[in-house]
file work-v5.txt (compact mmCIF, C-alpha atoms)
# COMPACT_ATOMS: atom_id res chain seq x y z
CA LYS A 24 22.74 0.08 -27.01
CA ALA A 25 20.62 3.17 -26.82
CA GLY A 26 19.74 4.26 -23.32
CA VAL A 27 16.35 4.79 -21.77
CA THR A 28 14.43 7.52 -23.54
CA GLN A 29 11.52 9.58 -22.32
CA THR A 30 9.15 11.86 -24.18
CA PRO A 31 8.34 14.62 -23.95
CA ARG A 32 11.24 16.15 -22.04
CA TYR A 33 9.27 19.17 -20.92
CA LEU A 34 5.57 19.71 -20.47
CA ILE A 35 3.46 22.59 -19.20
CA LYS A 36 -0.14 21.91 -18.24
CA THR A 37 -2.86 23.65 -16.26
CA ARG A 38 -4.73 22.36 -13.28
CA GLY A 39 -7.45 19.88 -14.12
CA GLN A 40 -5.86 18.69 -17.32
CA GLN A 41 -4.43 15.23 -17.85
CA VAL A 42 -1.05 14.21 -19.17
CA THR A 43 0.58 11.12 -20.66
CA LEU A 44 4.31 10.49 -20.43
CA SER A 45 6.18 7.87 -22.41
CA CYS A 46 9.22 5.74 -21.63
CA SER A 47 11.18 3.48 -23.97
CA PRO A 48 13.45 1.09 -22.09
CA ILE A 49 16.84 -0.16 -23.14
CA SER A 50 16.48 -2.84 -25.80
CA GLY A 51 15.95 -6.21 -24.12
CA HIS A 52 14.93 -4.74 -20.79
CA ARG A 53 11.56 -5.99 -19.65
CA SER A 54 10.98 -4.09 -16.43
CA VAL A 55 10.08 -0.43 -16.23
CA SER A 56 9.69 1.56 -13.04
CA TRP A 57 8.45 5.12 -12.66
CA TYR A 58 9.49 7.69 -10.07
CA GLN A 59 8.49 11.20 -9.15
CA GLN A 60 11.34 13.48 -8.13
CA THR A 61 10.71 16.74 -6.29
CA PRO A 62 13.09 18.89 -4.24
CA GLY A 63 11.09 18.30 -1.10
CA GLN A 64 10.26 14.59 -1.40
CA GLY A 65 13.21 13.17 -3.29
CA LEU A 66 12.63 10.14 -5.50
CA GLN A 67 9.27 8.55 -4.86
CA PHE A 68 8.35 5.16 -6.35
CA LEU A 69 5.20 5.26 -8.47
CA PHE A 70 4.90 1.77 -10.00
CA GLU A 71 6.75 -1.07 -11.66
CA TYR A 72 5.76 -3.02 -14.76
CA PHE A 73 6.97 -6.30 -16.17
CA SER A 74 5.44 -8.12 -19.12
CA GLU A 75 2.55 -5.68 -19.24
CA THR A 76 1.69 -6.35 -15.58
CA GLN A 77 1.97 -3.94 -12.71
CA ARG A 78 3.80 -5.80 -9.98
CA ASN A 79 3.91 -3.09 -7.36
CA LYS A 80 2.88 0.47 -6.79
CA GLY A 81 3.76 3.28 -4.44
CA ASN A 82 1.56 5.47 -2.28
CA PHE A 83 0.10 7.75 -4.90
CA PRO A 84 -3.56 8.56 -5.56
CA GLY A 85 -5.50 6.78 -8.26
CA ARG A 86 -5.02 9.80 -10.55
CA PHE A 87 -1.63 8.29 -11.31
CA SER A 88 -1.80 5.27 -13.57
CA GLY A 89 0.41 3.46 -15.99
CA ARG A 90 0.66 0.67 -18.45
CA GLN A 91 3.21 -1.32 -20.36
CA PHE A 92 2.99 -2.52 -23.91
CA SER A 93 4.15 -5.81 -25.39
CA ASN A 94 7.37 -4.16 -26.62
CA SER A 95 8.11 -3.11 -23.00
CA ARG A 96 7.50 0.57 -23.70
CA SER A 97 5.57 2.16 -20.88
CA GLU A 98 3.33 5.13 -20.37
CA MET A 99 2.12 6.85 -17.27
CA ASN A 100 -0.92 9.04 -17.04
CA VAL A 101 -1.87 11.68 -14.52
CA SER A 102 -5.44 12.85 -14.59
CA THR A 103 -6.96 15.96 -13.03
CA LEU A 104 -3.58 17.60 -12.56
CA GLU A 105 -2.83 19.48 -9.36
CA LEU A 106 -0.15 22.09 -8.68
CA GLY A 107 1.63 19.58 -6.48
CA ASP A 108 2.12 17.23 -9.42
CA SER A 109 4.82 19.52 -10.78
CA ALA A 110 7.93 17.38 -10.71
CA LEU A 111 10.53 15.52 -12.71
CA TYR A 112 9.14 12.14 -13.71
CA LEU A 113 11.82 9.53 -14.21
CA CYS A 114 11.51 6.09 -15.60
CA ALA A 115 14.08 3.36 -15.20
CA SER A 116 14.46 0.05 -16.95
CA SER A 117 16.12 -3.16 -15.90
CA LEU A 118 16.70 -6.47 -17.57
CA GLU A 119 14.29 -8.29 -15.30
CA ALA A 120 13.30 -7.24 -11.83
CA GLY A 121 13.16 -10.64 -10.19
CA VAL A 122 13.27 -10.08 -6.48
CA GLY A 123 15.10 -6.82 -6.88
CA THR A 124 18.44 -7.92 -8.16
CA ASP A 125 18.83 -6.03 -11.39
CA THR A 126 20.39 -2.65 -11.96
CA GLN A 127 18.00 0.07 -12.98
CA TYR A 128 19.03 2.55 -15.67
CA PHE A 129 17.31 5.87 -15.65
CA GLY A 130 15.98 7.96 -18.48
CA PRO A 131 16.53 11.73 -18.64
CA GLY A 132 13.09 12.44 -17.21
CA THR A 133 10.09 14.51 -18.17
CA ARG A 134 9.79 17.80 -16.35
CA LEU A 135 6.13 18.53 -15.78
CA THR A 136 4.99 21.97 -14.72
CA VAL A 137 1.39 22.46 -13.66
CA LEU A 138 0.12 26.04 -13.68
CA GLY B 29 5.22 1.61 5.17
CA GLU B 30 8.69 0.99 3.80
CA ASN B 31 11.21 3.68 4.50
CA VAL B 32 14.87 4.45 3.86
CA GLU B 33 16.55 7.02 6.05
CA GLN B 34 19.73 8.66 4.76
CA HIS B 35 22.25 10.77 6.67
CA PRO B 36 23.65 13.33 6.46
CA SER B 37 21.56 15.46 4.15
CA THR B 38 24.58 17.65 3.39
CA LEU B 39 28.25 16.80 3.61
CA SER B 40 31.18 19.08 2.93
CA VAL B 41 34.71 17.67 2.78
CA GLN B 42 38.12 18.84 1.70
CA GLU B 43 39.57 17.34 -1.46
CA GLY B 44 41.44 14.17 -0.59
CA ASP B 45 39.40 13.45 2.53
CA SER B 46 36.94 10.58 2.87
CA ALA B 47 33.17 10.86 2.81
CA VAL B 48 30.72 8.48 4.45
CA ILE B 49 26.97 8.36 3.87
CA LYS B 50 24.75 6.10 5.94
CA CYS B 51 21.35 4.59 5.25
CA THR B 52 18.87 2.56 7.24
CA TYR B 53 16.01 0.61 5.70
CA SER B 54 12.86 -0.83 7.24
CA ASP B 55 11.62 -3.51 4.83
CA SER B 56 13.06 -6.91 5.67
CA ALA B 57 12.24 -8.07 2.13
CA SER B 58 14.86 -5.70 0.69
CA ASN B 59 17.71 -7.64 -0.83
CA TYR B 60 19.40 -5.27 -3.27
CA PHE B 61 20.97 -1.94 -2.33
CA PRO B 62 22.15 0.38 -5.11
CA TRP B 63 23.74 3.79 -4.77
CA TYR B 64 23.15 6.51 -7.34
CA LYS B 65 24.94 9.75 -8.07
CA GLN B 66 22.96 12.60 -9.56
CA GLU B 67 24.64 15.71 -10.90
CA LEU B 68 22.66 18.87 -11.40
CA GLY B 69 20.24 18.56 -14.29
CA LYS B 70 21.21 14.98 -15.03
CA ARG B 71 19.69 11.58 -14.47
CA PRO B 72 20.72 9.37 -11.53
CA GLN B 73 23.65 7.11 -12.40
CA LEU B 74 24.47 3.89 -10.60
CA ILE B 75 27.87 4.05 -8.92
CA ILE B 76 27.90 0.85 -6.90
CA ASP B 77 25.49 -1.73 -5.59
CA ILE B 78 25.46 -4.58 -3.10
CA ARG B 79 23.26 -7.61 -2.74
CA SER B 80 22.01 -9.06 0.51
CA ASN B 81 24.36 -12.03 0.50
CA VAL B 82 27.43 -9.78 0.50
CA GLY B 83 28.75 -7.71 3.38
CA GLU B 84 31.12 -5.42 1.54
CA LYS B 85 31.99 -4.40 -2.01
CA LYS B 86 34.67 -2.11 -3.32
CA ASP B 87 35.26 -0.42 -6.66
CA GLN B 88 38.36 1.76 -6.76
CA ARG B 89 37.69 4.74 -4.45
CA ILE B 90 34.14 3.68 -3.63
CA ALA B 91 33.03 1.01 -1.19
CA VAL B 92 29.73 -0.06 0.25
CA THR B 93 29.05 -2.06 3.40
CA LEU B 94 25.85 -3.82 4.40
CA ASN B 95 24.70 -5.01 7.81
CA LYS B 96 21.48 -6.92 7.21
CA THR B 97 20.91 -7.63 10.87
CA ALA B 98 20.91 -3.95 11.72
CA LYS B 99 19.39 -2.96 8.35
CA HIS B 100 22.20 -0.49 7.78
CA PHE B 101 24.27 0.15 4.69
CA SER B 102 26.89 2.78 4.01
CA LEU B 103 28.78 4.38 1.14
CA HIS B 104 32.44 5.24 1.58
CA ILE B 105 34.30 7.48 -0.87
CA THR B 106 38.02 7.82 -0.32
CA GLU B 107 40.40 10.43 -1.75
CA THR B 108 37.50 12.65 -2.75
CA GLN B 109 37.82 14.87 -5.79
CA PRO B 110 35.88 17.99 -6.84
CA GLU B 111 34.10 15.94 -9.50
CA ASP B 112 32.61 13.79 -6.74
CA SER B 113 30.43 16.78 -5.83
CA ALA B 114 26.83 15.72 -6.49
CA VAL B 115 23.74 14.37 -4.76
CA TYR B 116 24.02 10.73 -3.71
CA PHE B 117 20.99 8.50 -3.17
CA CYS B 118 20.86 5.17 -1.45
CA ALA B 119 18.04 2.77 -2.25
CA ALA B 120 16.61 -0.51 -1.05
CA THR B 121 14.91 -2.87 -3.47
CA GLY B 122 12.68 -5.84 -2.79
CA GLY B 123 9.35 -7.15 -4.02
CA PHE B 124 9.56 -5.23 -7.30
CA LYS B 125 9.76 -1.95 -5.45
CA THR B 126 12.67 0.45 -4.88
CA ILE B 127 12.61 2.94 -2.05
CA PHE B 128 15.13 5.78 -2.16
CA GLY B 129 16.67 7.73 0.63
CA ALA B 130 16.22 11.50 0.63
CA GLY B 131 19.70 12.10 -0.76
CA THR B 132 22.99 13.55 0.45
CA ARG B 133 24.42 16.63 -1.17
CA LEU B 134 28.19 16.20 -1.19
CA PHE B 135 30.47 19.20 -1.64
CA VAL B 136 34.16 18.54 -2.22
CA LYS B 137 36.22 21.67 -1.72
CA ALA B 138 39.40 22.01 -3.74

call {"tool": "encode", "arguments": {"input": "work-v5.txt", "output": "structure tokens"}}
result
Amino acid sequence: KAGVTQTPRYLIKTRGQQVTLSCSPISGHRSVSWYQQTPGQGLQFLFEYFSETQRNKGNFPGRFSGRQFSNSRSEMNVSTLELGDSALYLCASSLEAGVGTDTQYFGPGTRLTVL
Amino acid sequence: GENVEQHPSTLSVQEGDSAVIKCTYSDSASNYFPWYKQELGKRPQLIIDIRSNVGEKKDQRIAVTLNKTAKHFSLHITETQPEDSAVYFCAATGGFKTIFGAGTRLFVKA
């Protein structure tokens, strides 16, 4: 099976702009989670989607949003970009995140740089 | 809010020695505890995991222990090799949410 894929791999934006990142899970996986990874903060949970529904979210401002499509592909959007949003954005898919019992497989990430 | 503390932040061992990384979680709803290894420039890869109904799990040179009462879990790597050098993350999952520890940078000196 193909692994988790993310597009684009690299992105450069300026402050105030918005950005959309895409994640395609492993075939058959129905849950997608998003994380922000920075050197200072480590891996921070953004949100989790299952069957097009957000089931939980982390402590991020409303500028960060996401959605999931019927084919389980997911997108996240960051509006009004700030310098501090520069990070590696990782998505991970799992077969079905019941009460947290399924292994998550990570994509390669999208490295976002905000100038 | 939920938190996972991970120690140490950096660990340097001699090849062949053992390495131990410890984590403490706060959310009682957590019931799944994976460990990931991340090499420079690569994605995190699962190396071992443990579920809340199990106290210990072993896979070759890697073992994980869980003490639910104390909310502690640990990673043990025996007979370390230079290729074990990487950043290791513990995580606690529950309620459709995974919280990661800050990571441990492991150096294995040949």

call {"tool": "closest_atom_pairs", "arguments": {"input": "work-v5.txt", "of": "chain A", "to": "chain B", "cutoff": "9 Å", "atoms": "only C-alpha atoms", "output": "tab-separated table"}}
result
residue	atom	partner	partner_atom	distance
A:Ser56	CA	B:Lys125	CA	8.4
A:Gly63	CA	B:Ala130	CA	8.7
A:Gln64	CA	B:Ala130	CA	7.0
A:Gly65	CA	B:Ala130	CA	5.2
A:Leu66	CA	B:Phe128	CA	6.0
A:Gln67	CA	B:Phe128	CA	7.0
A:Phe68	CA	B:Ile127	CA	6.4
A:Phe70	CA	B:Lys125	CA	7.6
A:Glu71	CA	B:Phe124	CA	6.6
A:Tyr72	CA	B:Phe124	CA	8.7
A:Arg78	CA	B:Phe124	CA	6.4
A:Asn79	CA	B:Phe124	CA	6.0
A:Lys80	CA	B:Lys125	CA	7.4
A:Gly81	CA	B:Lys125	CA	8.0
A:Leu113	CA	B:Arg71	CA	8.1
A:Ala120	CA	B:Phe124	CA	6.2
A:Gly121	CA	B:Phe124	CA	7.1
A:Val122	CA	B:Gly123	CA	5.5
A:Gly123	CA	B:Gly122	CA	4.9
A:Thr124	CA	B:Tyr60	CA	5.6
A:Asp125	CA	B:Tyr60	CA	8.2
A:Thr126	CA	B:Pro62	CA	7.7
A:Gln127	CA	B:Leu74	CA	7.9
A:Tyr128	CA	B:Gln73	CA	7.3
A:Phe129	CA	B:Arg71	CA	6.3
A:Gly130	CA	B:Arg71	CA	6.6
A:Pro131	CA	B:Arg71	CA	5.2
A:Gly132	CA	B:Arg71	CA	7.2

call {"tool": "residues_around", "arguments": {"input": "work-v5.txt", "residues": "A:Gln91", "least_positions_apart": "2", "cutoff": "10 Å", "atoms": "all atoms listed in the file", "output": "count of residues only"}}
result
21

call {"tool": "residues_around", "arguments": {"input": "work-v5.txt", "residues": "stretch 49-52 of chain B", "least_positions_apart": "3", "cutoff": "9 Å", "atoms": "all atoms listed in the file", "output": "PDB file with C-alpha atoms, keeping the file's coordinate frame"}}
result
ATOM      1  CA  ASN B  31      11.210   3.680   4.500  1.00  0.00           C
ATOM      2  CA  VAL B  32      14.870   4.450   3.860  1.00  0.00           C
ATOM      3  CA  GLU B  33      16.550   7.020   6.050  1.00  0.00           C
ATOM      4  CA  GLN B  34      19.730   8.660   4.760  1.00  0.00           C
ATOM      5  CA  HIS B  35      22.250  10.770   6.670  1.00  0.00           C
ATOM      6  CA  PRO B  36      23.650  13.330   6.460  1.00  0.00           C
ATOM      7  CA  SER B  37      21.560  15.460   4.150  1.00  0.00           C
ATOM      8  CA  LEU B  39      28.250  16.800   3.610  1.00  0.00           C
ATOM      9  CA  ALA B  98      20.910  -3.950  11.720  1.00  0.00           C
ATOM     10  CA  LYS B  99      19.390  -2.960   8.350  1.00  0.00           C
ATOM     11  CA  HIS B 100      22.200  -0.490   7.780  1.00  0.00           C
ATOM     12  CA  PHE B 101      24.270   0.150   4.690  1.00  0.00           C
ATOM     13  CA  SER B 102      26.890   2.780   4.010  1.00  0.00           C
ATOM     14  CA  LEU B 103      28.780   4.380   1.140  1.00  0.00           C
ATOM     15  CA  HIS B 104      32.440   5.240   1.580  1.00  0.00           C
ATOM     16  CA  ILE B 105      34.300   7.480  -0.870  1.00  0.00           C
ATOM     17  CA  TYR B 116      24.020  10.730  -3.710  1.00  0.00           C
ATOM     18  CA  CYS B 118      20.860   5.170  -1.450  1.00  0.00           C
ATOM     19  CA  ALA B 119      18.040   2.770  -2.250  1.00  0.00           C
ATOM     20  CA  GLY B 129      16.670   7.730   0.630  1.00  0.00           C
ATOM     21  CA  THR B 132      22.990  13.550   0.450  1.00  0.00           C
TER      22      THR B 132
END

call {"tool": "atom_distance", "arguments": {"input": "work-v5.txt", "atom1": "atom CA of A:Lys24", "atom2": "atom CA of B:Ala91"}}
result
27.8 Å

call {"tool": "atom_distance", "arguments": {"input": "work-v5.txt", "atom1": "atom CA of A:Gln29", "atom2": "atom CA of B:Leu134"}}
result
27.7 Å

call {"tool": "atom_distance", "arguments": {"input": "work-v5.txt", "atom1": "atom CA of B:Gln88", "atom2": "atom CA of B:Ile75"}}
result
11.0 Å

call {"tool": "closest_residue", "arguments": {"input": "work-v5.txt", "among": "B:Ser46, B:Ser113, B:Thr93, B:Thr38", "to": "B:Trp63", "atoms": "all atoms listed in the file"}}
result
B:Thr93

call {"tool": "closest_residue", "arguments": {"input": "work-v5.txt", "among": "A:Ile49, A:Leu69, A:Leu135, A:Leu104", "to": "A:Thr37", "atoms": "only C-alpha atoms"}}
result
A:Leu104

call {"tool": "residues_around", "arguments": {"input": "work-v5.txt", "residues": "A:Ser102", "least_positions_apart": "2", "cutoff": "7 Å", "atoms": "all atoms listed in the file", "output": "list in words"}}
result
Gln40, Gln41, Val42, Arg86, Phe87, Asn100 and Leu104 of chain A

call {"tool": "residues_around", "arguments": {"input": "work-v5.txt", "residues": "A:Gly51", "least_positions_apart": "3", "cutoff": "9 Å", "atoms": "only C-alpha atoms", "output": "VMD selection string"}}
result
chain A and resid 48 95 117 to 118

call {"tool": "closest_residue", "arguments": {"input": "work-v5.txt", "among": "A:Ala25, A:Leu106, A:Leu111, A:Leu138", "to": "A:Gln60", "atoms": "only C-alpha atoms"}}
result
A:Leu111

call {"tool": "closest_residue", "arguments": {"input": "work-v5.txt", "among": "A:Arg134, A:Tyr112, A:Pro84, A:Trp57", "to": "A:Leu34", "atoms": "only C-alpha atoms"}}
result
A:Arg134
